file model-v2.cif (mmCIF, C-alpha atoms and all ligand atoms)
data_entry
#
loop_
_atom_site.label_atom_id
_atom_site.label_comp_id
_atom_site.auth_asym_id
_atom_site.auth_seq_id
_atom_site.Cartn_x
_atom_site.Cartn_y
_atom_site.Cartn_z
CA MET A 1 52.48 15.13 50.11
CA THR A 2 49.50 12.97 49.07
CA GLU A 3 49.41 9.22 49.64
CA ASN A 4 51.02 6.94 47.05
CA LEU A 5 48.64 4.29 45.70
CA TYR A 6 51.40 2.24 44.05
CA GLY A 7 51.65 -1.10 45.84
CA LYS A 8 48.17 -1.06 47.37
CA SER A 9 46.40 -4.39 46.98
CA ARG A 10 43.03 -4.63 45.29
CA ARG A 11 41.41 -4.96 48.71
CA GLU A 12 43.14 -1.84 50.02
CA LEU A 13 42.08 0.08 46.92
CA GLU A 14 38.48 -0.99 47.54
CA LYS A 15 38.67 0.44 51.06
CA ILE A 16 40.28 3.64 49.83
CA LEU A 17 37.71 4.08 47.07
CA SER A 18 34.64 3.20 49.12
CA PRO A 19 33.97 6.81 50.27
CA LEU A 20 34.52 8.03 46.71
CA SER A 21 32.66 5.46 44.64
CA ASP A 22 29.80 3.01 45.19
CA ARG A 23 31.07 0.70 42.43
CA PRO A 24 33.43 -1.98 43.77
CA PHE A 25 34.70 -2.69 40.25
CA HIS A 26 36.28 0.76 40.15
CA ALA A 27 38.96 -0.54 42.52
CA ARG A 28 39.69 -3.43 40.17
CA GLN A 29 39.92 -1.05 37.23
CA LEU A 30 42.24 1.28 39.12
CA PHE A 31 44.43 -1.69 40.15
CA GLY A 32 44.62 -2.83 36.52
CA TRP A 33 45.53 0.64 35.28
CA ILE A 34 48.33 0.93 37.79
CA HIS A 35 49.86 -2.54 37.50
CA ARG A 36 48.83 -4.09 34.21
CA ARG A 37 49.01 -0.95 32.12
CA GLY A 38 51.58 0.93 34.17
CA GLU A 39 49.55 4.13 34.16
CA THR A 40 50.45 6.71 36.81
CA ASP A 41 48.23 9.59 35.64
CA PHE A 42 44.66 9.35 36.93
CA SER A 43 43.36 11.61 34.15
CA ARG A 44 44.29 8.96 31.56
CA MET A 45 42.33 6.19 33.31
CA THR A 46 39.53 6.72 30.83
CA ASP A 47 37.04 4.12 31.98
CA LEU A 48 36.77 5.70 35.44
CA PRO A 49 34.22 8.51 35.83
CA GLY A 50 35.75 11.97 35.37
CA ARG A 51 34.63 13.10 38.83
CA LEU A 52 36.35 10.10 40.46
CA ARG A 53 39.54 10.72 38.51
CA ALA A 54 39.60 14.32 39.68
CA GLU A 55 39.02 13.32 43.31
CA LEU A 56 41.76 10.71 43.13
CA ALA A 57 44.20 13.24 41.70
CA GLU A 58 43.45 15.63 44.57
CA ARG A 59 44.08 13.09 47.31
CA PHE A 60 46.55 10.57 45.90
CA HIS A 61 49.39 10.00 43.49
CA VAL A 62 50.97 6.94 41.85
CA SER A 63 54.74 6.83 41.87
CA LEU A 64 57.41 4.20 41.24
CA PRO A 65 61.06 4.08 42.26
CA LYS A 66 63.24 6.23 40.00
CA VAL A 67 66.28 4.86 38.18
CA GLU A 68 69.24 6.85 39.39
CA GLN A 69 72.11 4.73 38.10
CA ARG A 70 72.59 1.85 35.67
CA GLN A 71 75.85 -0.08 35.76
CA ALA A 72 76.34 -2.61 32.97
CA SER A 73 78.60 -5.62 33.43
CA ARG A 74 80.67 -7.07 30.60
CA ASP A 75 78.56 -10.22 30.97
CA GLY A 76 75.27 -8.41 30.28
CA ALA A 77 74.06 -8.03 33.87
CA VAL A 78 72.88 -4.54 34.81
CA LYS A 79 72.80 -3.25 38.37
CA TYR A 80 70.24 -0.56 39.12
CA LEU A 81 70.33 2.01 41.88
CA LEU A 82 66.73 3.04 42.45
CA ARG A 83 65.69 6.10 44.40
CA LEU A 84 62.69 5.83 46.72
CA GLU A 85 60.20 8.50 47.80
CA ASP A 86 61.87 9.06 51.17
CA GLY A 87 65.20 9.69 49.42
CA LYS A 88 66.76 6.31 50.24
CA GLY A 89 68.38 4.08 47.62
CA MET A 90 67.95 0.38 46.87
CA GLU A 91 69.52 -2.01 44.36
CA ALA A 92 68.13 -4.54 41.90
CA VAL A 93 69.93 -6.56 39.22
CA TYR A 94 68.93 -7.58 35.69
CA LEU A 95 70.47 -10.93 34.70
CA PRO A 96 70.02 -12.06 31.10
CA GLU A 97 70.63 -15.74 30.43
CA LYS A 98 70.52 -17.75 27.22
CA THR A 99 66.85 -18.66 27.33
CA ARG A 100 65.41 -16.39 30.01
CA VAL A 101 65.93 -13.31 32.11
CA THR A 102 66.09 -13.13 35.88
CA PHE A 103 65.50 -10.06 38.04
CA CYS A 104 67.27 -10.19 41.37
CA ILE A 105 65.31 -7.97 43.73
CA SER A 106 65.67 -6.66 47.28
CA SER A 107 63.30 -7.00 50.22
CA GLN A 108 65.03 -4.65 52.65
CA ILE A 109 67.54 -1.82 52.55
CA GLY A 110 70.52 -3.45 54.22
CA CYS A 111 70.03 -6.60 56.29
CA PRO A 112 70.02 -7.38 60.01
CA LEU A 113 71.31 -10.98 59.84
CA GLY A 114 75.05 -10.38 59.93
CA CYS A 115 76.27 -13.31 57.78
CA THR A 116 80.03 -12.89 57.99
CA PHE A 117 80.75 -13.38 54.26
CA CYS A 118 78.05 -11.05 52.91
CA LEU A 119 78.64 -7.40 52.12
CA THR A 120 75.00 -6.39 52.58
CA ALA A 121 75.37 -7.34 56.24
CA ARG A 122 77.85 -4.47 56.65
CA MET A 123 75.02 -2.01 56.19
CA GLY A 124 72.95 -3.42 59.02
CA LEU A 125 69.22 -3.03 58.54
CA VAL A 126 68.29 0.45 57.31
CA ARG A 127 64.60 -0.30 56.80
CA ASN A 128 62.09 -2.70 55.31
CA LEU A 129 60.86 -2.06 51.79
CA THR A 130 57.13 -1.57 51.30
CA ALA A 131 55.12 -3.85 49.01
CA GLY A 132 54.99 -1.01 46.46
CA GLU A 133 58.76 -0.60 46.53
CA ILE A 134 59.23 -4.33 45.98
CA VAL A 135 56.76 -4.50 43.08
CA GLY A 136 58.22 -1.23 41.79
CA GLN A 137 61.64 -2.82 41.25
CA VAL A 138 60.06 -5.42 39.01
CA ALA A 139 57.92 -2.93 37.08
CA VAL A 140 60.88 -0.60 36.51
CA LEU A 141 63.22 -3.38 35.32
CA ALA A 142 60.53 -4.87 33.05
CA GLU A 143 59.90 -1.43 31.54
CA GLU A 144 63.64 -0.75 31.10
CA HIS A 145 64.08 -3.98 29.15
CA GLY A 146 60.72 -4.00 27.39
CA LEU A 147 59.71 -7.34 28.94
CA SER A 148 56.13 -8.46 29.48
CA ALA A 149 55.18 -10.79 32.35
CA ASN A 150 56.37 -14.38 32.13
CA ARG A 151 59.36 -13.35 30.07
CA TYR A 152 61.34 -13.15 33.28
CA ASN A 153 61.91 -14.93 36.59
CA LEU A 154 62.17 -13.18 39.92
CA VAL A 155 64.49 -14.07 42.74
CA PHE A 156 64.40 -12.42 46.15
CA MET A 157 68.18 -12.68 46.36
CA GLY A 158 69.08 -9.01 46.48
CA MET A 159 69.49 -7.04 49.67
CA GLY A 160 67.74 -8.18 52.80
CA GLU A 161 66.04 -11.18 54.38
CA PRO A 162 62.61 -11.49 52.75
CA LEU A 163 61.11 -13.53 55.60
CA ASN A 164 62.00 -10.74 58.04
CA ASN A 165 59.73 -8.47 55.99
CA TYR A 166 57.08 -11.13 55.54
CA ASP A 167 53.89 -9.09 55.15
CA SER A 168 55.25 -6.68 52.53
CA VAL A 169 56.97 -9.46 50.58
CA LEU A 170 53.80 -11.56 50.47
CA GLU A 171 51.67 -8.55 49.61
CA ALA A 172 54.08 -7.81 46.74
CA PHE A 173 53.88 -11.47 45.69
CA ARG A 174 50.07 -11.26 45.53
CA ILE A 175 50.17 -8.07 43.44
CA MET A 176 52.78 -9.54 41.10
CA THR A 177 50.89 -12.80 40.58
CA ASP A 178 47.41 -11.20 40.31
CA GLU A 179 45.98 -11.58 36.80
CA GLU A 180 44.87 -7.96 36.99
CA GLY A 181 48.33 -7.00 38.25
CA LEU A 182 51.64 -8.08 36.72
CA GLY A 183 50.34 -11.61 36.07
CA ILE A 184 53.59 -13.43 36.85
CA ALA A 185 53.27 -17.18 37.44
CA PRO A 186 54.00 -18.05 41.10
CA LYS A 187 56.48 -20.73 40.05
CA HIS A 188 58.60 -18.04 38.38
CA ILE A 189 59.16 -16.30 41.70
CA THR A 190 61.74 -17.66 44.17
CA LEU A 191 62.21 -16.41 47.68
CA SER A 192 65.59 -17.02 49.25
CA THR A 193 65.96 -17.16 53.02
CA ALA A 194 68.89 -17.56 55.35
CA GLY A 195 66.65 -19.90 57.38
CA VAL A 196 64.08 -17.82 59.26
CA VAL A 197 62.04 -20.78 60.49
CA PRO A 198 58.87 -18.96 61.65
CA GLY A 199 58.63 -17.40 58.18
CA ILE A 200 59.07 -20.81 56.51
CA ARG A 201 56.26 -22.16 58.70
CA ARG A 202 54.01 -19.26 57.70
CA LEU A 203 54.82 -19.84 54.03
CA ALA A 204 53.62 -23.42 54.42
CA GLY A 205 50.12 -22.00 54.89
CA GLU A 206 50.15 -19.79 51.75
CA ASN A 207 48.61 -20.92 48.51
CA PRO A 208 49.90 -19.92 46.07
CA ARG A 209 53.33 -19.19 47.43
CA PRO A 210 56.72 -18.46 45.90
CA ARG A 211 59.28 -21.21 45.39
CA LEU A 212 61.77 -21.46 48.22
CA ALA A 213 65.54 -21.35 48.29
CA VAL A 214 67.50 -21.71 51.52
CA SER A 215 71.02 -20.42 52.00
CA LEU A 216 72.74 -23.25 53.81
CA SER A 217 76.50 -22.73 53.37
CA ALA A 218 77.49 -25.04 56.22
CA THR A 219 76.61 -28.55 57.32
CA THR A 220 77.33 -28.40 61.04
CA ASP A 221 75.68 -26.16 63.61
CA ALA A 222 79.08 -25.11 64.90
CA LEU A 223 80.30 -23.74 61.56
CA ARG A 224 76.91 -22.45 60.45
CA GLY A 225 76.49 -20.63 63.74
CA ASP A 226 79.84 -18.87 63.16
CA LEU A 227 79.09 -17.90 59.55
CA MET A 228 75.37 -17.20 59.87
CA PRO A 229 74.28 -16.03 63.33
CA ILE A 230 70.63 -16.84 62.47
CA ASN A 231 71.62 -20.51 62.88
CA ARG A 232 71.97 -19.97 66.64
CA ALA A 233 68.24 -19.19 66.78
CA TYR A 234 67.19 -21.89 64.29
CA PRO A 235 69.78 -24.69 64.16
CA LEU A 236 69.94 -27.23 61.34
CA PRO A 237 67.56 -29.87 62.80
CA VAL A 238 64.90 -27.20 63.38
CA LEU A 239 65.43 -25.72 59.91
CA PHE A 240 65.22 -29.09 58.17
CA GLN A 241 62.14 -30.08 60.14
CA ALA A 242 60.39 -26.91 58.93
CA LEU A 243 61.50 -27.64 55.35
CA ARG A 244 60.17 -31.18 55.51
CA GLU A 245 56.80 -29.82 56.65
CA LEU A 246 56.48 -27.45 53.69
CA PRO A 247 53.89 -28.86 51.27
CA LEU A 248 55.45 -29.05 47.80
CA ALA A 249 53.77 -28.80 44.41
CA PRO A 250 54.18 -31.77 42.06
CA ARG A 251 57.75 -31.81 40.75
CA GLU A 252 58.65 -28.87 42.99
CA ARG A 253 62.15 -28.89 44.43
CA LEU A 254 63.63 -26.70 47.09
CA THR A 255 66.91 -25.02 46.30
CA LEU A 256 69.77 -25.20 48.76
CA GLU A 257 72.31 -22.45 48.16
CA TYR A 258 75.80 -23.10 49.37
CA VAL A 259 78.46 -20.39 49.23
CA LEU A 260 81.81 -22.13 48.74
CA LEU A 261 84.50 -20.65 50.99
CA ARG A 262 88.00 -21.97 50.38
CA GLY A 263 89.35 -24.05 53.23
CA ILE A 264 86.24 -23.42 55.33
CA ASN A 265 83.33 -25.40 53.90
CA ASP A 266 84.66 -26.86 50.65
CA GLN A 267 86.28 -30.10 51.85
CA PRO A 268 85.23 -33.64 50.88
CA GLU A 269 83.69 -34.14 54.37
CA ASP A 270 81.56 -31.05 53.79
CA ALA A 271 80.28 -32.49 50.52
CA SER A 272 79.45 -35.79 52.23
CA ARG A 273 77.54 -34.09 55.05
CA LEU A 274 75.76 -31.83 52.54
CA ALA A 275 74.72 -34.86 50.50
CA ALA A 276 73.37 -36.52 53.65
CA LEU A 277 71.33 -33.43 54.59
CA ALA A 278 70.13 -32.79 51.04
CA GLY A 279 69.16 -36.42 50.61
CA THR A 280 66.36 -36.01 53.17
CA LEU A 281 64.41 -33.63 50.87
CA PRO A 282 63.56 -33.09 47.21
CA VAL A 283 66.20 -30.44 46.53
CA LYS A 284 68.66 -29.14 44.05
CA VAL A 285 71.88 -27.66 45.31
CA ASN A 286 73.22 -24.42 43.96
CA LEU A 287 76.92 -23.95 44.68
CA ILE A 288 78.01 -20.30 44.71
CA PRO A 289 81.78 -19.82 44.64
CA TYR A 290 82.44 -17.00 47.10
CA ASN A 291 82.43 -13.61 45.43
CA GLU A 292 85.31 -11.60 46.63
CA ALA A 293 83.56 -8.58 48.02
CA ALA A 294 84.98 -6.02 50.38
CA VAL A 295 84.58 -8.64 53.10
CA THR A 296 88.09 -9.83 53.84
CA GLY A 297 89.22 -13.11 55.31
CA TYR A 298 87.56 -15.39 52.74
CA ALA A 299 88.58 -16.75 49.39
CA SER A 300 86.87 -18.65 46.63
CA PRO A 301 87.90 -22.18 45.69
CA SER A 302 89.16 -22.63 42.13
CA LEU A 303 86.55 -23.53 39.52
CA PRO A 304 87.90 -27.12 39.21
CA ALA A 305 87.65 -27.48 43.01
CA ALA A 306 84.06 -26.20 42.92
CA ARG A 307 83.26 -28.70 40.17
CA ALA A 308 84.87 -31.51 42.14
CA PHE A 309 82.62 -30.60 45.08
CA ARG A 310 79.61 -30.67 42.75
CA ASP A 311 80.67 -34.07 41.37
CA ARG A 312 80.95 -35.47 44.88
CA LEU A 313 77.34 -34.46 45.48
CA ALA A 314 76.29 -35.92 42.14
CA GLU A 315 77.94 -39.26 42.99
CA LYS A 316 75.64 -39.43 46.02
CA GLY A 317 72.62 -38.72 43.85
CA ILE A 318 72.24 -35.03 44.68
CA ARG A 319 71.46 -32.66 41.81
CA ALA A 320 73.92 -29.79 42.03
CA SER A 321 75.24 -27.03 39.83
CA VAL A 322 77.87 -24.36 40.18
CA ARG A 323 76.33 -20.92 39.79
CA ARG A 324 78.08 -18.86 37.18
CA ARG A 325 79.47 -15.64 38.62
CA ARG A 326 77.57 -12.68 37.20
CA GLY A 327 78.13 -8.96 37.42
CA ALA A 328 81.21 -9.23 39.63
CA ASP A 329 82.90 -6.37 37.75
CA ILE A 330 80.08 -4.03 38.82
CA SER A 331 79.72 -5.47 42.34
CA ALA A 332 76.35 -6.96 41.45
CA ALA A 333 77.17 -10.58 42.22
CA CYS A 334 75.69 -12.57 45.14
CA GLY A 335 76.59 -11.01 48.45
CA GLN A 336 77.98 -7.86 46.85
CA LEU A 337 74.91 -5.64 46.97
CA ALA A 338 75.45 -2.85 49.46
CA ILE A 339 75.20 0.89 49.52
CA LEU A 340 78.09 1.75 51.76
CA ASP A 341 78.55 5.32 50.57
CA PRO A 342 76.20 7.42 52.73
CA SER A 343 75.75 10.02 49.99
CA THR A 344 74.34 7.31 47.72
CA LEU A 345 72.22 5.66 50.37
CA GLU A 346 70.55 8.87 51.41
CA ARG A 347 69.32 11.68 49.30
CA PRO A 348 66.98 14.12 51.01
CA ALA A 349 63.38 13.46 49.95
CA GLY A 350 62.33 15.88 47.25
CA ALA A 351 65.90 16.72 46.11
CA ALA A 352 66.56 16.23 42.41
N1 LIG A 401 68.83 -13.17 53.06
C1 LIG A 401 68.45 -14.09 52.00
C2 LIG A 401 68.41 -13.41 50.65
C3 LIG A 401 69.76 -12.96 50.11
S1 LIG A 401 70.22 -14.08 48.89
C4 LIG A 401 69.37 -15.29 52.01
O1 LIG A 401 70.37 -15.28 52.71
O2 LIG A 401 69.07 -16.27 51.33
C5 LIG A 401 71.91 -13.75 48.73
C6 LIG A 401 72.68 -15.03 48.47
O3 LIG A 401 74.05 -14.68 48.26
C7 LIG A 401 72.64 -15.97 49.67
O4 LIG A 401 72.51 -17.28 49.22
C8 LIG A 401 74.01 -15.76 50.29
O5 LIG A 401 74.42 -16.91 50.97
C9 LIG A 401 74.86 -15.48 49.08
N2 LIG A 401 76.08 -14.72 49.38
C10 LIG A 401 76.25 -13.80 50.33
N3 LIG A 401 77.50 -13.30 50.29
C11 LIG A 401 78.13 -13.93 49.28
C12 LIG A 401 79.44 -13.83 48.72
N4 LIG A 401 80.32 -12.98 49.21
N5 LIG A 401 79.71 -14.63 47.67
C13 LIG A 401 78.80 -15.46 47.16
N6 LIG A 401 77.55 -15.57 47.63
C14 LIG A 401 77.22 -14.82 48.68
#

call {"tool": "encode", "arguments": {"input": "model-v2.cif", "output": "structure tokens"}}
result
Amino acid sequence: MTENLYGKSRRELEKILSPLSDRPFHARQLFGWIHRRGETDFSRMTDLPGRLRAELAERFHVSLPKVEQRQASRDGAVKYLLRLEDGKGMEAVYLPEKTRVTFCISSQIGCPLGCTFCLTARMGLVRNLTAGEIVGQVAVLAEEHGLSANRYNLVFMGMGEPLNNYDSVLEAFRIMTDEEGLGIAPKHITLSTAGVVPGIRRLAGENPRPRLAVSLSATTDALRGDLMPINRAYPLPVLFQALRELPLAPRERLTLEYVLLRGINDQPEDASRLAALAGTLPVKVNLIPYNEAAVTGYASPSLPAARAFRDRLAEKGIRASVRRRRGADISAACGQLAILDPSTLERPAGAA
């Protein structure tokens, strides 16, 4: 099979084209055809010389993930199962809201972090996604819903830990924000991490960079270490030090996500400790009532209890909201993305 050019950066395309063309702007044109216009057929890239188009077609192809399954929730969310070139599957979710649309996208197939309440963790890490596969999710969902850039927000809150696949995620970010690419504003892209501190430190040196959300879910190292093993490597003081060192844009706020687990982290003392931690940074807190997945042993607090927790934070001056549960009827809600059926995860490459 020839090499796939989807997901190559402009710079990579320049390198690839240099033996075939002595015009550097051909790489920019090719990049624009692929990402801005969504063209996958070289022969239709009419402003490239015919000879170059023919040579490209001989050596390369342009291919995006294929939609294999769409599952629509009663609330309007749609979960996509996308098939990749090596036959593996990945999931992405379309989330319409009143005034905007959010795409929840994956950075890895499965996840290595082992958070005890998250279903994706049950898969373990299958593999990293490539930059092209990450951008491909966005292009496919935008096409499915007829949305042009800046009509949607992106959140890296699907499967995987984006900072454990740093290079591909940042390469995808550059392609997505490139004016000649998808042209999405950086502030419309949010990366969510479980607290991979070296990745947060690297992000501090990127400009532009995505907005950052951190999944906190506990306010003591003892509890967080039990729920999220990553905390044993990067405990709370280390995590918060890295967050304080992240240069923020004017009016930028970090998001702290907090999965509410009944009887485990939803008590008044938890809210007080969370307010104390959150008060050290410009943040907003996003409370996510636990979604009952196939992970047993946890329960969600009632909605009034979740709101009482939010109000306790608000009393201490912390901006907080309770995230509305979306797509739970199709297992598309937070922490529910997983391909646990091996026949769905794996389809031999080339099979229809
Ligand atoms: N690995 C990254 C990206 C995944 S985001 C991260 O952890 O931030 C997925 C979000 O869903 C995280 O905030 C996670 O804490 C949350 N989550 C996981 N399992 C959940 C569940 N069962 N119910 C509600 N939220 C859950």

call {"tool": "axis_aligned_box", "arguments": {"input": "model-v2.cif", "around": "ligand LIG 401 (chain A)", "padding_each_side": "6 Å", "output": "AutoDock Vina command-line options"}}
result
--center_x 74.4 --center_y -15.1 --center_z 50.1 --size_x 23.9 --size_y 16.3 --size_z 17.9

call {"tool": "closest_residue", "arguments": {"input": "model-v2.cif", "among": "A:Gly335, A:Gly124, A:Pro342, A:Gly160", "to": "Gly89 (chain A)", "atoms": "only C-alpha atoms"}}
result
A:Pro342

call {"tool": "residues_near_ligand", "arguments": {"input": "model-v2.cif", "ligand": "ligand LIG 401 (chain A)", "cutoff": "7 Å", "atoms": "only C-alpha atoms and all ligand atoms", "output": "CSV table (one decimal) with C-alpha atoms, keeping the file's coordinate frame"}}
result
chain,number,residue,atom,x,y,z
A,117,PHE,CA,80.8,-13.4,54.3
A,118,CYS,CA,78.0,-11.0,52.9
A,119,LEU,CA,78.6,-7.4,52.1
A,156,PHE,CA,64.4,-12.4,46.2
A,157,MET,CA,68.2,-12.7,46.4
A,158,GLY,CA,69.1,-9.0,46.5
A,159,MET,CA,69.5,-7.0,49.7
A,160,GLY,CA,67.7,-8.2,52.8
A,161,GLU,CA,66.0,-11.2,54.4
A,162,PRO,CA,62.6,-11.5,52.8
A,192,SER,CA,65.6,-17.0,49.2
A,193,THR,CA,66.0,-17.2,53.0
A,194,ALA,CA,68.9,-17.6,55.4
A,213,ALA,CA,65.5,-21.4,48.3
A,214,VAL,CA,67.5,-21.7,51.5
A,215,SER,CA,71.0,-20.4,52.0
A,217,SER,CA,76.5,-22.7,53.4
A,257,GLU,CA,72.3,-22.4,48.2
A,258,TYR,CA,75.8,-23.1,49.4
A,259,VAL,CA,78.5,-20.4,49.2
A,288,ILE,CA,78.0,-20.3,44.7
A,289,PRO,CA,81.8,-19.8,44.6
A,290,TYR,CA,82.4,-17.0,47.1
A,291,ASN,CA,82.4,-13.6,45.4
A,292,GLU,CA,85.3,-11.6,46.6
A,293,ALA,CA,83.6,-8.6,48.0
A,334,CYS,CA,75.7,-12.6,45.1
A,335,GLY,CA,76.6,-11.0,48.4
A,336,GLN,CA,78.0,-7.9,46.8

call {"tool": "residues_near_point", "arguments": {"input": "model-v2.cif", "point": "(44.3, -4.7, 51.7)", "cutoff": "12 Å", "atoms": "only C-alpha atoms", "output": "PDB file with C-alpha atoms, keeping the file's coordinate frame"}}
result
ATOM      1  CA  LEU A   5      48.640   4.290  45.700  1.00  0.00           C
ATOM      2  CA  GLY A   7      51.650  -1.100  45.840  1.00  0.00           C
ATOM      3  CA  LYS A   8      48.170  -1.060  47.370  1.00  0.00           C
ATOM      4  CA  SER A   9      46.400  -4.390  46.980  1.00  0.00           C
ATOM      5  CA  ARG A  10      43.030  -4.630  45.290  1.00  0.00           C
ATOM      6  CA  ARG A  11      41.410  -4.960  48.710  1.00  0.00           C
ATOM      7  CA  GLU A  12      43.140  -1.840  50.020  1.00  0.00           C
ATOM      8  CA  LEU A  13      42.080   0.080  46.920  1.00  0.00           C
ATOM      9  CA  GLU A  14      38.480  -0.990  47.540  1.00  0.00           C
ATOM     10  CA  LYS A  15      38.670   0.440  51.060  1.00  0.00           C
ATOM     11  CA  ILE A  16      40.280   3.640  49.830  1.00  0.00           C
ATOM     12  CA  LEU A  17      37.710   4.080  47.070  1.00  0.00           C
ATOM     13  CA  ALA A  27      38.960  -0.540  42.520  1.00  0.00           C
ATOM     14  CA  PHE A  31      44.430  -1.690  40.150  1.00  0.00           C
ATOM     15  CA  ALA A 131      55.120  -3.850  49.010  1.00  0.00           C
ATOM     16  CA  ASP A 167      53.890  -9.090  55.150  1.00  0.00           C
ATOM     17  CA  SER A 168      55.250  -6.680  52.530  1.00  0.00           C
ATOM     18  CA  LEU A 170      53.800 -11.560  50.470  1.00  0.00           C
ATOM     19  CA  GLU A 171      51.670  -8.550  49.610  1.00  0.00           C
ATOM     20  CA  ALA A 172      54.080  -7.810  46.740  1.00  0.00           C
ATOM     21  CA  ARG A 174      50.070 -11.260  45.530  1.00  0.00           C
ATOM     22  CA  ILE A 175      50.170  -8.070  43.440  1.00  0.00           C
TER      23      ILE A 175
END

call {"tool": "residues_around", "arguments": {"input": "model-v2.cif", "residues": "Phe60 (chain A)", "least_positions_apart": "4", "cutoff": "6 Å", "atoms": "all atoms listed in the file", "output": "ChimeraX atom specification"}}
result
/A:2-4,56

call {"tool": "closest_atom_pairs", "arguments": {"input": "model-v2.cif", "of": "region 104-169 of chain A", "to": "region 77-87 of chain A", "cutoff": "10 Å", "atoms": "all atoms listed in the file", "output": "tab-separated table"}}
result
residue	atom	partner	partner_atom	distance
A:Cys104	CA	A:Lys79	CA	9.4
A:Leu129	CA	A:Leu84	CA	9.6
A:Glu133	CA	A:Leu84	CA	7.5
A:Gly136	CA	A:Leu82	CA	9.5
A:Gln137	CA	A:Leu82	CA	7.9
A:Val140	CA	A:Leu82	CA	9.1
A:Leu141	CA	A:Tyr80	CA	8.5

call {"tool": "atom_distance", "arguments": {"input": "model-v2.cif", "atom1": "CA of Val196 (chain A)", "atom2": "CA of Arg232 (chain A)"}}
result
11.0 Å

call {"tool": "residues_around", "arguments": {"input": "model-v2.cif", "residues": "region 279-281 of chain A", "least_positions_apart": "5", "cutoff": "12 Å", "atoms": "all atoms listed in the file", "output": "JSON, numbers by chain"}}
result
{"A": [237, 240, 241, 242, 243, 244, 245, 246, 247, 248, 252, 253, 254, 255, 256, 271, 272, 273, 274, 313, 314, 315, 316, 317, 318, 319, 320]}

call {"tool": "closest_residue", "arguments": {"input": "model-v2.cif", "among": "A:Met176, A:Ile230, A:Leu163, A:Leu30", "to": "Gly199 (chain A)", "atoms": "all atoms listed in the file"}}
result
A:Leu163

call {"tool": "atom_distance", "arguments": {"input": "model-v2.cif", "atom1": "CA of Gln29 (chain A)", "atom2": "CA of Thr190 (chain A)"}}
result
28.3 Å

call {"tool": "closest_residue", "arguments": {"input": "model-v2.cif", "among": "A:Tyr94, A:Tyr152, A:Tyr166, A:Phe173", "to": "Ala333 (chain A)", "atoms": "all atoms listed in the file"}}
result
A:Tyr94

call {"tool": "atom_distance", "arguments": {"input": "model-v2.cif", "atom1": "CA of Pro49 (chain A)", "atom2": "CA of Val135 (chain A)"}}
result
27.0 Å

call {"tool": "residues_around", "arguments": {"input": "model-v2.cif", "residues": "Trp33 (chain A)", "least_positions_apart": "6", "cutoff": "9 Å", "atoms": "all atoms listed in the file", "output": "number ranges by chain"}}
result
A: 39-40, 42, 45, 180-181

call {"tool": "residues_around", "arguments": {"input": "model-v2.cif", "residues": "Thr116 (chain A)", "least_positions_apart": "4", "cutoff": "12 Å", "atoms": "all atoms listed in the file", "output": "list in words"}}
result
Cys111, Pro112, Thr120, Ala121, Arg122, Gly124, Ser217, Leu223, Arg224, Gly225, Asp226, Leu227, Met228, Pro229, Ile230, Val259, Leu261, Tyr290, Ala293, Ala294, Val295, Thr296, Gly297, Tyr298 and Gly335 of chain A

call {"tool": "residues_around", "arguments": {"input": "model-v2.cif", "residues": "Arg74 (chain A)", "least_positions_apart": "3", "cutoff": "12 Å", "atoms": "only C-alpha atoms", "output": "VMD selection string"}}
result
chain A and resid 71 77 to 79 95 to 96 325 to 332

call {"tool": "closest_residue", "arguments": {"input": "model-v2.cif", "among": "A:Leu345, A:Ala139, A:Ala305, A:Leu113", "to": "Ala233 (chain A)", "atoms": "all atoms listed in the file"}}
result
A:Leu113

call {"tool": "closest_residue", "arguments": {"input": "model-v2.cif", "among": "A:Pro210, A:Pro268, A:Gly183, A:Gly110", "to": "Gly32 (chain A)", "atoms": "only C-alpha atoms"}}
result
A:Gly183

call {"tool": "decode", "arguments": {"input": "model-v2.cif", "residues": "region 29-36 of chain A", "atoms": "N, CA and C atoms", "output": "CSV table (one decimal), in the first residue's frame"}}
result
chain,number,residue,atom,x,y,z
A,29,GLN,N,-0.1,24.3,-1.4
A,29,GLN,CA,-1.3,24.1,-2.1
A,29,GLN,C,-1.9,22.7,-1.8
A,30,LEU,N,-1.0,21.7,-1.8
A,30,LEU,CA,-1.4,20.3,-1.5
A,30,LEU,C,-2.1,20.3,-0.1
A,31,PHE,N,-1.4,20.9,0.9
A,31,PHE,CA,-1.9,20.9,2.2
A,31,PHE,C,-3.4,21.5,2.3
A,32,GLY,N,-3.5,22.7,1.5
A,32,GLY,CA,-4.8,23.3,1.5
A,32,GLY,C,-5.9,22.4,0.8
A,33,TRP,N,-5.5,21.8,-0.3
A,33,TRP,CA,-6.5,20.9,-0.9
A,33,TRP,C,-7.0,19.8,0.1
A,34,ILE,N,-6.0,19.2,0.8
A,34,ILE,CA,-6.3,18.1,1.7
A,34,ILE,C,-7.2,18.6,2.8
A,35,HIS,N,-6.8,19.6,3.5
A,35,HIS,CA,-7.4,20.0,4.8
A,35,HIS,C,-8.5,21.1,4.6
A,36,ARG,N,-8.2,22.1,3.8
A,36,ARG,CA,-9.2,23.2,3.7
A,36,ARG,C,-10.4,22.7,2.8
